[in-house]
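Undergrad: If you scroll down you'll find the structure; I have some questions about it.
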Amino acid sequence: MICCKNLYLEYPDGDKTKTILNNINLTINKGENVILLGPSGSGKSSLIYLLSSLRKATRGEVFFNERSLTNENVRVIADVRKNHFGFIFQMHFLLPYLTVLENVMLGKNDFSKQNKIRAVEILIGLGLSEHISKKLHQMSGGQRQRVAIARALMNDPDVIFADEPTASLDHQTACEVISTLKNHKKDSILIMATHDTSILSGNERIIRLADGKTIE
Amino acid sequence: MKPLSPIKFFIENKRRTVVIIIILLLSVAVVSFMTSLVTSIITDASNANLKPYEYCSAISKTSNELFIKDSIVDEVKSYPETEKVISVINSYTSFQALMGNTSSPVYFISNEDDLKSVMDINHLTLSEGRLPNGDGYEVILHENVLKNKSMKIGDNIGKDEQEDEWLVGKYKIVGTLKGEALIGFGNKSIIADTYKNAGLTLDKPMALLVIAKDGQLDNLNEKLDQLDKRDVMVENYSSIKRSFDKQIDSMNFLLKIIIFVVVFILSISVGALVFIIYIGRSDEFGILYAMGYRKSFINKLIIKELAALSSICWVFGYILSFGMIYSLNLFVLSDKGQSLYFFTDDGLINTLSIPIMVLICAAYPILRRLKKWDPIAVIERRD
């Protein structure tokens, strides 16, 4: 379970304060697939960064499995991200000098044979079996994004944070990818920010954001 | 190779790192070569100037005197440290060393047993030919001196034959010597006969070789240094070393300055190049951080990569300098009886300063920037 209480994100904007997220209260239970919808600048990405502890909130608290992450030190938070969270961003952020397989293996800092096998299985599942040894420049934008998705699944995450993950994919591939993300593990949570409502299947929990506030 | 192996980035980004690799490699090679050159010059000069006095000392008359006074001979013989005093005529032969023209002593000794004892005490052996006898103007010289002068047994040597030669007269080379000290020998008898024919006598010594008892050379030299400089000129290990060290000190100082400048400029330049490359890798570090790799892990990865790069360049730079020195020795210097030394302590210290300084100059600004850097800003694309 992941939840947040009275979450605020504010930035100084000249003499004033710009509020990005305004008193967000959410509880997301195991197995839930949450879609964050909203126009650009509504705070979707910022909410993902706060819930995943990539950023610290100005005020409020974030809990993961009933444990507050707000006052934990960076090492503990890094370990939580490494062992329990998976990330997919709008840009793939893959390392261009590594092969597809090596990039996926980065998702878990364990380069054992067992993990290599796991990485290969994930890549096969995402339809990238023929691209395992390729470098990124040999692949299309959509294929690269699927590699990034494979990397996010590598540590078998309890929560997947996805910020516009299907932006560079065609509709059919996007639907397949969303299905993979939803079903990768029983009881896992998917929190995804997107503009594209056509990829939704109807069994998701929709949270709309506008001006930094949630409207469920 | 593991994805985050310290050399992975450099292997997969050869184009971006080739300039740094070449600069580092050449710098190590140049510094190693320069150090080898200076060390070889010093060792060469030491062999020529100091080695002949490592086991015995020489006393010569001054220009004011015709011979060494009897009282001085008696005094030297009376020292408890003195093992043997041999009357010699001392001369020098010139040769081309790495640092320029230098000389090695040639002792003319009448008694063959005395000559052999001087050879023994200087660890010299006859490698070819025979010892000079008293019937003719003959010399034996060190094989490296002969190689340097492109001469061989049977050739004539002396100022009468070669204008730039320091050895006065004309002598036939009858043998070659092997060993560390560059000393030559002739027979004094023929010279004494020449003096006799001119109505002069050589019954008193013009120069003496003084051999010390075991372990007593330093004490003996101290006493020889006390002899009146108006009567005799003393050439012993300590006096030669004093003047030798003065010359060497200035050369060593110059080398240190050059190496400091090379290392300083190089470290700053390579540091700047590496900094640019690493700033270009912000995305990479940002995503690693987001995925849960700690900042300390990323810092260690950067240090490991830079340490691996500079160490590998150091090894290959050293090998390159080995190749340069080996080729120079093989194709140029060996024919002259000279050679550059390969691996020296100074070479190791001087070249090691390159990877260490480069590591510091490259890693410090990157780590400093990463300390202030917000990796998530890269992900958010606000950086």
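All residue names refer to the structure tokens as shown: chains lettered A, B, ... in order, residues numbered from 1 in each chain, ligands numbered from 1 in order.
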Check every residue of chain B for an atom within 10 Å of chain A, counting only C-alpha atoms, and provide those that qualify as an mmCIF file with N, CA and C atoms, in the first residue's frame.

TA:
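Final output, saved to result_12.cif:
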```cif
data_model
loop_
_atom_site.group_PDB
_atom_site.id
_atom_site.type_symbol
_atom_site.label_atom_id
_atom_site.label_comp_id
_atom_site.auth_asym_id
_atom_site.auth_seq_id
_atom_site.Cartn_x
_atom_site.Cartn_y
_atom_site.Cartn_z
ATOM 1 N N MET B 1 31.682 -8.720 -19.719
ATOM 2 C CA MET B 1 31.964 -7.572 -18.853
ATOM 3 C C MET B 1 30.663 -7.019 -18.272
ATOM 4 N N LYS B 2 30.697 -6.725 -16.976
ATOM 5 C CA LYS B 2 29.492 -6.215 -16.328
ATOM 6 C C LYS B 2 29.132 -4.833 -16.871
ATOM 7 N N PRO B 3 27.812 -4.519 -16.903
ATOM 8 C CA PRO B 3 27.398 -3.216 -17.467
ATOM 9 C C PRO B 3 28.036 -2.021 -16.766
ATOM 10 N N LEU B 4 28.276 -2.124 -15.467
ATOM 11 C CA LEU B 4 28.860 -0.987 -14.759
ATOM 12 C C LEU B 4 30.323 -1.247 -14.408
ATOM 13 N N LYS B 8 33.985 -0.195 -18.968
ATOM 14 C CA LYS B 8 32.935 -0.383 -19.976
ATOM 15 C C LYS B 8 32.690 0.908 -20.782
ATOM 16 N N PHE B 9 32.544 2.019 -20.051
ATOM 17 C CA PHE B 9 32.222 3.276 -20.737
ATOM 18 C C PHE B 9 33.307 3.643 -21.744
ATOM 19 N N PHE B 10 34.557 3.496 -21.352
ATOM 20 C CA PHE B 10 35.662 3.907 -22.234
ATOM 21 C C PHE B 10 35.799 2.971 -23.435
ATOM 22 N N ILE B 11 35.526 1.682 -23.211
ATOM 23 C CA ILE B 11 35.603 0.724 -24.317
ATOM 24 C C ILE B 11 34.498 1.007 -25.337
ATOM 25 N N GLU B 12 33.318 1.348 -24.834
ATOM 26 C CA GLU B 12 32.178 1.561 -25.724
ATOM 27 C C GLU B 12 32.116 2.994 -26.276
ATOM 28 N N ASN B 13 32.990 3.866 -25.789
ATOM 29 C CA ASN B 13 32.997 5.267 -26.265
ATOM 30 C C ASN B 13 34.399 5.673 -26.687
ATOM 31 N N ARG B 281 27.178 12.932 -19.228
ATOM 32 C CA ARG B 281 26.590 11.667 -18.744
ATOM 33 C C ARG B 281 25.583 11.913 -17.616
ATOM 34 N N ASP B 283 22.395 12.364 -17.623
ATOM 35 C CA ASP B 283 21.198 11.522 -17.762
ATOM 36 C C ASP B 283 21.428 10.159 -17.136
ATOM 37 N N GLU B 284 22.621 9.627 -17.458
ATOM 38 C CA GLU B 284 22.969 8.289 -16.994
ATOM 39 C C GLU B 284 22.983 8.230 -15.463
ATOM 40 N N PHE B 285 23.652 9.215 -14.863
ATOM 41 C CA PHE B 285 23.737 9.213 -13.402
ATOM 42 C C PHE B 285 22.364 9.501 -12.785
ATOM 43 N N GLY B 286 21.604 10.354 -13.457
ATOM 44 C CA GLY B 286 20.269 10.691 -12.972
ATOM 45 C C GLY B 286 19.370 9.468 -12.920
ATOM 46 N N ILE B 287 19.374 8.671 -13.984
ATOM 47 C CA ILE B 287 18.487 7.495 -14.013
ATOM 48 C C ILE B 287 18.975 6.427 -13.037
ATOM 49 N N LEU B 288 20.295 6.305 -12.908
ATOM 50 C CA LEU B 288 20.813 5.337 -11.935
ATOM 51 C C LEU B 288 20.354 5.729 -10.534
ATOM 52 N N TYR B 289 20.418 7.034 -10.250
ATOM 53 C CA TYR B 289 19.996 7.523 -8.934
ATOM 54 C C TYR B 289 18.505 7.249 -8.722
ATOM 55 N N ALA B 290 17.712 7.543 -9.765
ATOM 56 C CA ALA B 290 16.264 7.327 -9.659
ATOM 57 C C ALA B 290 15.943 5.863 -9.396
ATOM 58 N N MET B 291 16.743 4.974 -10.003
ATOM 59 C CA MET B 291 16.472 3.541 -9.849
ATOM 60 C C MET B 291 16.932 3.011 -8.493
ATOM 61 N N GLY B 292 17.558 3.871 -7.709
ATOM 62 C CA GLY B 292 17.928 3.439 -6.361
ATOM 63 C C GLY B 292 19.408 3.235 -6.140
ATOM 64 N N TYR B 293 20.210 3.548 -7.156
ATOM 65 C CA TYR B 293 21.654 3.497 -6.938
ATOM 66 C C TYR B 293 22.024 4.731 -6.109
ATOM 67 N N ARG B 294 22.724 4.498 -5.004
ATOM 68 C CA ARG B 294 23.047 5.618 -4.114
ATOM 69 C C ARG B 294 24.065 6.542 -4.759
ATOM 70 N N LYS B 295 24.068 7.780 -4.268
ATOM 71 C CA LYS B 295 25.039 8.746 -4.789
ATOM 72 C C LYS B 295 26.469 8.261 -4.537
ATOM 73 N N SER B 296 26.656 7.628 -3.368
ATOM 74 C CA SER B 296 28.011 7.130 -3.053
ATOM 75 C C SER B 296 28.430 6.056 -4.066
ATOM 76 N N ASP B 374 21.319 18.003 -8.659
ATOM 77 C CA ASP B 374 20.056 17.352 -8.346
ATOM 78 C C ASP B 374 19.749 16.369 -9.469
ATOM 79 N N PRO B 375 19.993 15.077 -9.242
ATOM 80 C CA PRO B 375 19.834 14.113 -10.336
ATOM 81 C C PRO B 375 18.406 14.027 -10.855
ATOM 82 N N ILE B 376 17.434 14.318 -9.984
ATOM 83 C CA ILE B 376 16.042 14.193 -10.410
ATOM 84 C C ILE B 376 15.667 15.330 -11.370
ATOM 85 N N ALA B 377 16.386 16.454 -11.234
ATOM 86 C CA ALA B 377 16.134 17.556 -12.163
ATOM 87 C C ALA B 377 16.421 17.128 -13.596
ATOM 88 N N VAL B 378 17.381 16.199 -13.746
ATOM 89 C CA VAL B 378 17.707 15.687 -15.090
ATOM 90 C C VAL B 378 16.517 14.900 -15.635
ATOM 91 N N ILE B 379 15.930 14.090 -14.753
ATOM 92 C CA ILE B 379 14.770 13.286 -15.162
ATOM 93 C C ILE B 379 13.601 14.224 -15.503
ATOM 94 N N GLU B 380 13.453 15.259 -14.695
ATOM 95 C CA GLU B 380 12.348 16.198 -14.919
ATOM 96 C C GLU B 380 12.615 17.126 -16.111
ATOM 97 N N ARG B 381 13.903 17.064 -16.567
ATOM 98 C CA ARG B 381 14.308 17.920 -17.688
ATOM 99 C C ARG B 381 14.236 19.418 -17.317
#
```

Undergrad: Can you tell me, as an MDAnalysis selection string, which residues in chain A count as strand (DSSP E or B) by DSSP?

TA: chainID A and resid 2:13 16:28 33:37 59:64 67:68 85:88 99 135 159:163 189:194 205:210 213:215

Undergrad: What does the distance from CA of Asn183 in chain A to CA of Asn33 in chain A come to in Å, to one decimal?

TA: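 Answer for the CA of Asn183 in chain A to CA of Asn33 in chain A separation: 9.8 Å.
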
Undergrad: Could you name the residues that touch Leu367 in chain B at 9 Å or less, counting only C-alpha atoms, but leaving out those on the same chain fewer than 6 positions away, as an MDAnalysis selection string?

TA: chainID B and resid 299 302:303

Undergrad: Calculate how many Å separate CA of Asn49 in chain B from CA of Glu81 in chain B, rounding to one decimal.

TA: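 It comes out at 23.4 Å.
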
Undergrad: To one decimal place in Å, what is the distance between CA of Val30 in chain B and CA of Ser334 in chain B?

TA: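 That distance, rounded to one decimal, is 21.0 Å.
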
Undergrad: Restricting the calculation to only C-alpha atoms, which member of B:Arg230, B:Glu112, B:Leu37, B:Leu25 is positioned closest to Ile72 in chain B?

TA: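 For Ile72 in chain B, the nearest of the given residues is B:Arg230.
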
Undergrad: Name the closest residue to Ile191 in chain A among the candidates A:Val147, A:Val159, A:Ile117, A:Ile122; distances are taken between atoms, counting only C-alpha atoms.

TA: A:Val159

Undergrad: Would you pick out the contacts of range 251-267 of chain B at 6 Å or less, using only C-alpha atoms, so that residues sharing its chain but fewer than 6 positions from it are not included, and give the list as a count of residues only?

TA: 4

Undergrad: Tell me, which residues of range 107-286 of chain B carry DSSP helix (DSSP H, G or I), written as a ChimeraX atom specification?

TA: /B:112-121,143-148,188-197,217-225,237-279,282-286

Undergrad: Env of Ile35 in chain A: 9 Å cut, atoms = only C-alpha atoms, seq-sep filter 5 positions within chain, self excluded. Answer as a VMD selection string.

TA: chain A and resid 190 to 194 200 204 to 208

Undergrad: Using only C-alpha atoms, determine which residues lie at most 6 Å from Val100 in chain A, disregarding the query and same-chain residues fewer than 3 positions distant; provide the list as a list in words.

TA: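 That gives Asn103, Ile132, Ser133 and Lys134 of chain A.
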
Undergrad: With C-alpha atoms kept, could you save the residues just selected as a compact mmCIF listing (two decimals), in the first residue's frame?

TA:
```txt
# COMPACT_ATOMS: atom_id res chain seq x y z
CA ASN A 103 20.37 -1.86 -19.90
CA ILE A 132 18.70 -8.50 -26.92
CA SER A 133 22.29 -7.87 -28.09
CA LYS A 134 21.54 -4.70 -30.00
```

Undergrad: Excluding Asp155 in chain B and residues on its chain fewer than 3 positions from it, collect all residues at most 10 Å away from it, counting only C-alpha atoms, and give them as a VMD selection string.

TA: chain B and resid 146 150 to 152 171 to 174

Undergrad: With N, CA, C and O atoms retained, write the just-selected residues as a tab-separated table (two decimals), in the first residue's frame.

TA:
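Okay, this is what ended up in out.tsv:
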```
chain	number	residue	atom	x	y	z
B	146	LEU	N	85.87	1.78	-26.03
B	146	LEU	CA	86.31	1.46	-27.41
B	146	LEU	C	85.13	1.48	-28.38
B	146	LEU	O	85.23	2.02	-29.48
B	150	SER	N	84.43	3.76	-31.62
B	150	SER	CA	84.47	2.91	-32.83
B	150	SER	C	85.88	2.40	-33.10
B	150	SER	O	86.37	2.45	-34.24
B	151	MET	N	86.49	1.92	-32.03
B	151	MET	CA	87.85	1.39	-32.18
B	151	MET	C	87.89	-0.06	-31.74
B	151	MET	O	86.99	-0.54	-31.05
B	152	LYS	N	88.98	-0.75	-32.13
B	152	LYS	CA	89.13	-2.17	-31.76
B	152	LYS	C	90.58	-2.48	-31.48
B	152	LYS	O	91.46	-1.61	-31.69
B	171	TYR	N	99.38	5.15	-28.91
B	171	TYR	CA	99.44	3.83	-28.27
B	171	TYR	C	98.63	2.83	-29.08
B	171	TYR	O	97.61	3.18	-29.66
B	172	LYS	N	99.14	1.59	-29.07
B	172	LYS	CA	98.40	0.52	-29.74
B	172	LYS	C	97.46	-0.14	-28.72
B	172	LYS	O	97.87	-0.42	-27.60
B	173	ILE	N	96.21	-0.35	-29.16
B	173	ILE	CA	95.26	-1.01	-28.26
B	173	ILE	C	95.50	-2.52	-28.36
B	173	ILE	O	95.41	-3.10	-29.44
B	174	VAL	N	95.81	-3.14	-27.20
B	174	VAL	CA	96.12	-4.57	-27.22
B	174	VAL	C	95.10	-5.42	-26.45
B	174	VAL	O	95.19	-6.65	-26.46
```
